[in-house]
file final.txt (compact mmCIF, C-alpha atoms)
# COMPACT_ATOMS: atom_id res chain seq x y z
CA MET J 1 30.43 78.16 -17.74
CA LYS J 2 34.07 78.41 -16.65
CA LYS J 3 33.00 78.90 -13.00
CA ILE J 4 30.79 75.79 -13.12
CA PHE J 5 33.68 73.74 -14.55
CA ILE J 6 36.06 74.95 -11.83
CA LEU J 7 33.46 74.33 -9.12
CA ASN J 8 32.79 70.79 -10.37
CA PHE J 9 36.53 70.12 -10.57
CA LEU J 10 37.06 71.30 -6.98
CA ILE J 11 34.15 69.16 -5.72
CA LEU J 12 35.58 66.09 -7.50
CA LEU J 13 39.05 66.78 -6.12
CA ILE J 14 37.79 67.26 -2.55
CA SER J 15 35.52 64.20 -2.64
CA SER J 16 38.27 61.95 -4.00
CA HIS J 17 40.58 63.04 -1.16
CA MET J 18 37.81 62.47 1.40
CA ASN J 19 37.35 58.86 0.22
CA ALA J 20 41.07 58.01 0.30
CA GLN J 21 43.51 58.39 3.18
CA VAL J 22 47.29 57.95 2.81
CA ILE J 23 49.01 56.31 5.80
CA LYS J 24 52.76 55.77 6.31
CA GLY J 25 54.69 53.38 8.52
CA THR J 26 58.37 52.53 8.76
CA LEU J 27 57.98 49.26 6.78
CA TRP J 28 55.00 50.15 4.59
CA ASN J 29 52.92 52.83 2.91
CA ALA J 30 49.18 52.49 2.49
CA LYS J 31 46.07 54.09 1.20
CA LYS J 32 42.63 53.55 2.70
CA VAL J 33 39.92 53.60 0.09
CA GLU J 34 36.44 53.23 1.59
CA ASN J 35 36.78 50.09 3.79
CA THR J 36 39.79 48.61 1.98
CA TYR J 37 43.48 49.15 2.66
CA VAL J 38 45.98 49.03 -0.21
CA ILE J 39 49.47 48.48 1.20
CA SER J 40 52.92 48.66 -0.36
CA ILE J 41 55.52 46.85 1.73
CA ASN J 42 59.00 48.38 1.52
CA ASP J 43 61.75 46.60 -0.39
CA LYS J 44 63.73 44.19 1.85
CA ALA J 45 61.13 44.40 4.66
CA SER J 46 59.70 41.33 6.37
CA ILE J 47 56.13 40.63 5.23
CA ILE J 48 55.11 39.46 8.71
CA ASP J 49 56.72 42.42 10.51
CA ALA J 50 55.22 44.94 8.06
CA LEU J 51 51.69 43.50 8.12
CA THR J 52 51.70 42.99 11.90
CA ASP J 53 52.81 46.59 12.35
CA PHE J 54 50.13 47.74 9.93
CA VAL J 55 47.22 45.90 11.60
CA LYS J 56 48.36 47.16 15.01
CA ASN J 57 48.71 50.72 13.67
CA GLN J 58 45.23 50.64 12.17
CA ASN J 59 43.71 48.64 15.06
CA ILE J 60 42.41 45.93 12.72
CA LYS J 61 41.01 43.03 14.75
CA SER J 62 40.03 40.71 11.89
CA GLY J 63 39.85 40.55 8.14
CA GLN J 64 41.13 39.08 4.92
CA ILE J 65 44.53 39.58 3.27
CA THR J 66 45.51 39.07 -0.35
CA GLY J 67 48.60 40.13 -2.26
CA ILE J 68 51.33 39.67 -4.84
CA GLY J 69 54.95 40.74 -5.19
CA ALA J 70 58.46 39.32 -5.11
CA THR J 71 60.85 37.86 -2.53
CA ASN J 72 64.37 36.50 -2.38
CA ASN J 73 64.13 34.84 1.03
CA ALA J 74 61.07 32.92 2.21
CA THR J 75 60.48 30.38 4.97
CA LEU J 76 57.49 28.10 4.46
CA ARG J 77 55.91 25.75 6.95
CA PHE J 78 54.14 22.43 6.62
CA PHE J 79 52.01 21.16 9.51
CA ASP J 80 52.43 17.49 10.44
CA PRO J 81 49.18 16.37 12.13
CA VAL J 82 50.87 13.29 13.64
CA THR J 83 53.54 15.22 15.55
CA LYS J 84 51.39 18.39 15.79
CA LYS J 85 54.44 20.41 14.77
CA TYR J 86 55.44 22.54 11.81
CA VAL J 87 58.33 21.57 9.56
CA ASP J 88 60.04 24.71 8.22
CA LYS J 89 62.06 25.13 5.04
CA THR J 90 63.81 28.29 3.82
CA PHE J 91 64.24 29.16 0.15
CA LYS J 92 66.87 31.78 -0.76
CA GLU J 93 66.35 32.72 -4.39
CA GLN J 94 64.49 35.39 -6.32
CA MET J 95 60.83 34.33 -6.62
CA GLU J 96 57.53 35.86 -7.65
CA ILE J 97 54.81 35.96 -5.02
CA ALA J 98 52.07 34.62 -7.27
CA ASN J 99 49.58 34.65 -4.40
CA LEU J 100 49.57 35.64 -0.76
CA SER J 101 46.29 34.99 1.01
CA GLY J 102 45.09 34.62 4.54
CA ASN J 103 43.27 36.13 7.45
CA ILE J 104 43.66 38.32 10.49
CA SER J 105 42.34 37.26 13.86
CA GLU J 106 43.36 37.65 17.50
CA ASN J 107 45.10 35.21 19.82
CA ASN J 108 45.78 36.05 23.48
CA GLY J 109 45.06 39.73 22.83
CA SER J 110 47.54 40.07 19.94
CA PRO J 111 47.02 40.11 16.18
CA LEU J 112 47.40 36.71 14.54
CA LEU J 113 48.18 36.57 10.83
CA HIS J 114 47.48 33.24 9.15
CA LEU J 115 49.04 33.45 5.70
CA HIS J 116 49.62 31.03 2.87
CA ILE J 117 51.84 31.79 -0.11
CA THR J 118 52.49 30.49 -3.60
CA LEU J 119 55.94 31.31 -4.98
CA GLY J 120 57.03 31.07 -8.61
CA ARG J 121 60.61 30.09 -9.32
CA ASN J 122 62.67 31.13 -12.35
CA ASP J 123 62.15 27.67 -13.91
CA TYR J 124 58.36 28.27 -13.70
CA THR J 125 57.79 25.71 -10.98
CA ALA J 126 55.90 26.73 -7.86
CA LEU J 127 56.31 26.37 -4.11
CA ALA J 128 53.41 26.72 -1.72
CA GLY J 129 52.77 26.54 1.99
CA HIS J 130 52.05 28.31 5.22
CA LEU J 131 54.18 31.47 5.39
CA LEU J 132 56.45 31.78 8.41
CA ASP J 133 58.04 34.88 6.86
CA ALA J 134 59.57 36.31 3.70
CA ASN J 135 61.42 39.47 2.79
CA ILE J 136 60.14 41.59 -0.05
CA ARG J 137 62.64 41.95 -2.88
CA GLY J 138 61.04 44.22 -5.41
CA ALA J 139 57.38 44.88 -4.72
CA GLY J 140 54.92 43.80 -2.06
CA GLU J 141 51.36 44.80 -2.99
CA ILE J 142 48.77 43.82 -0.41
CA TYR J 143 45.05 44.40 0.06
CA ILE J 144 43.42 44.11 3.49
CA TYR J 145 39.66 43.87 3.86
CA PRO J 146 38.93 44.48 7.57
CA LEU J 147 35.85 43.26 9.39
CA ASP J 148 34.04 45.24 12.04
CA SER J 149 34.10 42.32 14.51
CA LYS J 150 36.81 40.74 16.60
CA ILE J 151 37.53 37.11 15.62
CA ILE J 152 39.39 35.01 18.21
CA LYS J 153 41.52 31.91 17.65
CA THR J 154 42.55 29.60 20.46
CA LYS J 155 44.80 26.56 20.47
CA ASN J 156 42.96 23.29 20.03
CA GLU J 157 45.23 20.80 21.79
CA ASN J 158 43.64 17.78 20.05
CA ILE J 159 44.48 19.19 16.62
CA GLY J 160 47.56 21.17 17.60
CA LEU J 161 46.48 24.35 15.80
CA ASN J 162 44.90 27.69 16.60
CA ILE J 163 41.31 27.53 15.34
CA TYR J 164 38.37 29.92 15.44
CA ASP J 165 36.63 30.15 18.79
CA PHE J 166 33.25 31.72 18.11
CA GLU J 167 32.24 31.45 21.79
CA LYS J 168 34.73 34.18 22.72
call {"tool": "encode", "arguments": {"input": "final.txt", "output": "structure tokens"}}
result
Amino acid sequence: MKKIFILNFLILLISSHMNAQVIKGTLWNAKKVENTYVISINDKASIIDALTDFVKNQNIKSGQITGIGATNNATLRFFDPVTKKYVDKTFKEQMEIANLSGNISENNGSPLLHLHITLGRNDYTALAGHLLDANIRGAGEIYIYPLDSKIIKTKNENIGLNIYDFEK
């Protein structure tokens, strides 16, 4: 009976390690579980730098990103369709990342992260917008769900934005 217990324990231990792979970068640590990546961005690291490095490191061509955490320095963008330009605003205060969501695609052969963020302030009001960048201050907990296909975005000059180009 003792041998069966030990054998079952070893099988469980081996199979759990086979289904999960730990990966380390300079700005992040991650674990791959089945087809999902769970990423912890290092304290004080740039979200954009860390995630761009991660998708390059793992050769992720497209997918979905979601996450939570905290920041003390975030630059948000708002697109003005009349001027076809972004208006940026930086917020330097401790805030909760209540939601980080977006996608991964490719533009001109490089990874393109399109991220939006909702930030909670200490007075319980919220800020939201397109994320230019933010530095983690505390925790940065991200999930990436990669796709097996390459998704391309190209600049649509009429709109002024990079949009999906399913012909490429």
call {"tool": "closest_residue", "arguments": {"input": "final.txt", "among": "J:Thr118, J:Ser105, J:Asn99, J:Asn156", "to": "Lys56 in chain J", "atoms": "all atoms listed in the file"}}
result
J:Ser105
call {"tool": "residues_around", "arguments": {"input": "final.txt", "residues": "Thr90 in chain J", "least_positions_apart": "4", "cutoff": "9 Å", "atoms": "only C-alpha atoms", "output": "PDB file with C-alpha atoms, in the frame of the given file"}}
result
ATOM      1  CA  ASN J  73      64.130  34.840   1.030  1.00  0.00           C
ATOM      2  CA  ALA J  74      61.070  32.920   2.210  1.00  0.00           C
ATOM      3  CA  THR J  75      60.480  30.380   4.970  1.00  0.00           C
ATOM      4  CA  LEU J  76      57.490  28.100   4.460  1.00  0.00           C
ATOM      5  CA  ARG J  77      55.910  25.750   6.950  1.00  0.00           C
TER       6      ARG J  77
END
call {"tool": "closest_residue", "arguments": {"input": "final.txt", "among": "J:Thr83, J:Ile68, J:Gly140, J:Asn29", "to": "Ile117 in chain J", "atoms": "only C-alpha atoms"}}
result
J:Ile68
call {"tool": "residues_around", "arguments": {"input": "final.txt", "residues": "Asn35 in chain J", "least_positions_apart": "6", "cutoff": "10 Å", "atoms": "all atoms listed in the file", "output": "ChimeraX atom specification"}}
result
/J:19-20,144-148
call {"tool": "write_last_selection", "arguments": {"input": "final.txt", "atoms": "C-alpha atoms", "output": "mmCIF file, keeping the file's coordinate frame"}}
result
data_model
loop_
_atom_site.group_PDB
_atom_site.id
_atom_site.type_symbol
_atom_site.label_atom_id
_atom_site.label_comp_id
_atom_site.auth_asym_id
_atom_site.auth_seq_id
_atom_site.Cartn_x
_atom_site.Cartn_y
_atom_site.Cartn_z
ATOM 1 C CA ASN J 19 37.350 58.860 0.220
ATOM 2 C CA ALA J 20 41.070 58.010 0.300
ATOM 3 C CA ILE J 144 43.420 44.110 3.490
ATOM 4 C CA TYR J 145 39.660 43.870 3.860
ATOM 5 C CA PRO J 146 38.930 44.480 7.570
ATOM 6 C CA LEU J 147 35.850 43.260 9.390
ATOM 7 C CA ASP J 148 34.040 45.240 12.040
#
call {"tool": "closest_residue", "arguments": {"input": "final.txt", "among": "J:Ile65, J:Val55, J:Val87, J:Met95", "to": "Asp123 in chain J", "atoms": "all atoms listed in the file"}}
result
J:Met95
call {"tool": "closest_residue", "arguments": {"input": "final.txt", "among": "J:Asn108, J:Ser101, J:Asn72, J:Ser149", "to": "Asn122 in chain J", "atoms": "only C-alpha atoms"}}
result
J:Asn72
call {"tool": "closest_residue", "arguments": {"input": "final.txt", "among": "J:Glu157, J:Glu106, J:Glu167, J:Glu141", "to": "Ala30 in chain J", "atoms": "only C-alpha atoms"}}
result
J:Glu141
call {"tool": "atom_distance", "arguments": {"input": "final.txt", "atom1": "CA of Lys61 in chain J", "atom2": "CA of Gly138 in chain J"}}
result
28.4 Å
call {"tool": "residues_around", "arguments": {"input": "final.txt", "residues": "Trp28 in chain J", "least_positions_apart": "6", "cutoff": "9 Å", "atoms": "all atoms listed in the file", "output": "mmCIF file with C-alpha atoms, in the coordinates of the input"}}
result
data_model
loop_
_atom_site.group_PDB
_atom_site.id
_atom_site.type_symbol
_atom_site.label_atom_id
_atom_site.label_comp_id
_atom_site.auth_asym_id
_atom_site.auth_seq_id
_atom_site.Cartn_x
_atom_site.Cartn_y
_atom_site.Cartn_z
ATOM 1 C CA ILE J 39 49.470 48.480 1.200
ATOM 2 C CA SER J 40 52.920 48.660 -0.360
ATOM 3 C CA ILE J 41 55.520 46.850 1.730
ATOM 4 C CA ASN J 42 59.000 48.380 1.520
ATOM 5 C CA ALA J 45 61.130 44.400 4.660
ATOM 6 C CA ALA J 50 55.220 44.940 8.060
ATOM 7 C CA LEU J 51 51.690 43.500 8.120
ATOM 8 C CA ASP J 53 52.810 46.590 12.350
ATOM 9 C CA PHE J 54 50.130 47.740 9.930
#
call {"tool": "atom_distance", "arguments": {"input": "final.txt", "atom1": "CA of Thr36 in chain J", "atom2": "CA of Asn103 in chain J"}}
result
14.1 Å
call {"tool": "closest_residue", "arguments": {"input": "final.txt", "among": "J:Gly25, J:Gly69, J:Gly160, J:Gly109", "to": "Tyr86 in chain J", "atoms": "only C-alpha atoms"}}
result
J:Gly160
call {"tool": "atom_distance", "arguments": {"input": "final.txt", "atom1": "CA of Leu113 in chain J", "atom2": "CA of Gln64 in chain J"}}
result
9.5 Å
call {"tool": "residues_near_point", "arguments": {"input": "final.txt", "point": "(50.0, 20.6, 10.5)", "cutoff": "12 Å", "atoms": "only C-alpha atoms", "output": "ChimeraX atom specification"}}
result
/J:77-88,129-130,158-162
call {"tool": "residues_around", "arguments": {"input": "final.txt", "residues": "Tyr37 in chain J", "least_positions_apart": "2", "cutoff": "6 Å", "atoms": "all atoms listed in the file", "output": "list in words"}}
result
Lys31, Lys32, Tyr143 and Ile144 of chain J
call {"tool": "residues_around", "arguments": {"input": "final.txt", "residues": "Ala70 in chain J", "least_positions_apart": "4", "cutoff": "9 Å", "atoms": "all atoms listed in the file", "output": "list of chain:residue names"}}
result
J:Gln94, J:Met95, J:Glu96, J:Ile97, J:Ala98, J:Leu119, J:Asn135, J:Ile136, J:Arg137, J:Gly138, J:Ala139, J:Gly140
call {"tool": "residues_near_point", "arguments": {"input": "final.txt", "point": "(42.6, 32.5, 19.4)", "cutoff": "7 Å", "atoms": "only C-alpha atoms", "output": "mmCIF file with C-alpha atoms, keeping the file's coordinate frame"}}
result
data_model
loop_
_atom_site.group_PDB
_atom_site.id
_atom_site.type_symbol
_atom_site.label_atom_id
_atom_site.label_comp_id
_atom_site.auth_asym_id
_atom_site.auth_seq_id
_atom_site.Cartn_x
_atom_site.Cartn_y
_atom_site.Cartn_z
ATOM 1 C CA GLU J 106 43.360 37.650 17.500
ATOM 2 C CA ASN J 107 45.100 35.210 19.820
ATOM 3 C CA ASN J 108 45.780 36.050 23.480
ATOM 4 C CA ILE J 152 39.390 35.010 18.210
ATOM 5 C CA LYS J 153 41.520 31.910 17.650
ATOM 6 C CA THR J 154 42.550 29.600 20.460
ATOM 7 C CA LYS J 155 44.800 26.560 20.470
ATOM 8 C CA ASN J 162 44.900 27.690 16.600
ATOM 9 C CA ILE J 163 41.310 27.530 15.340
ATOM 10 C CA TYR J 164 38.370 29.920 15.440
ATOM 11 C CA ASP J 165 36.630 30.150 18.790
#
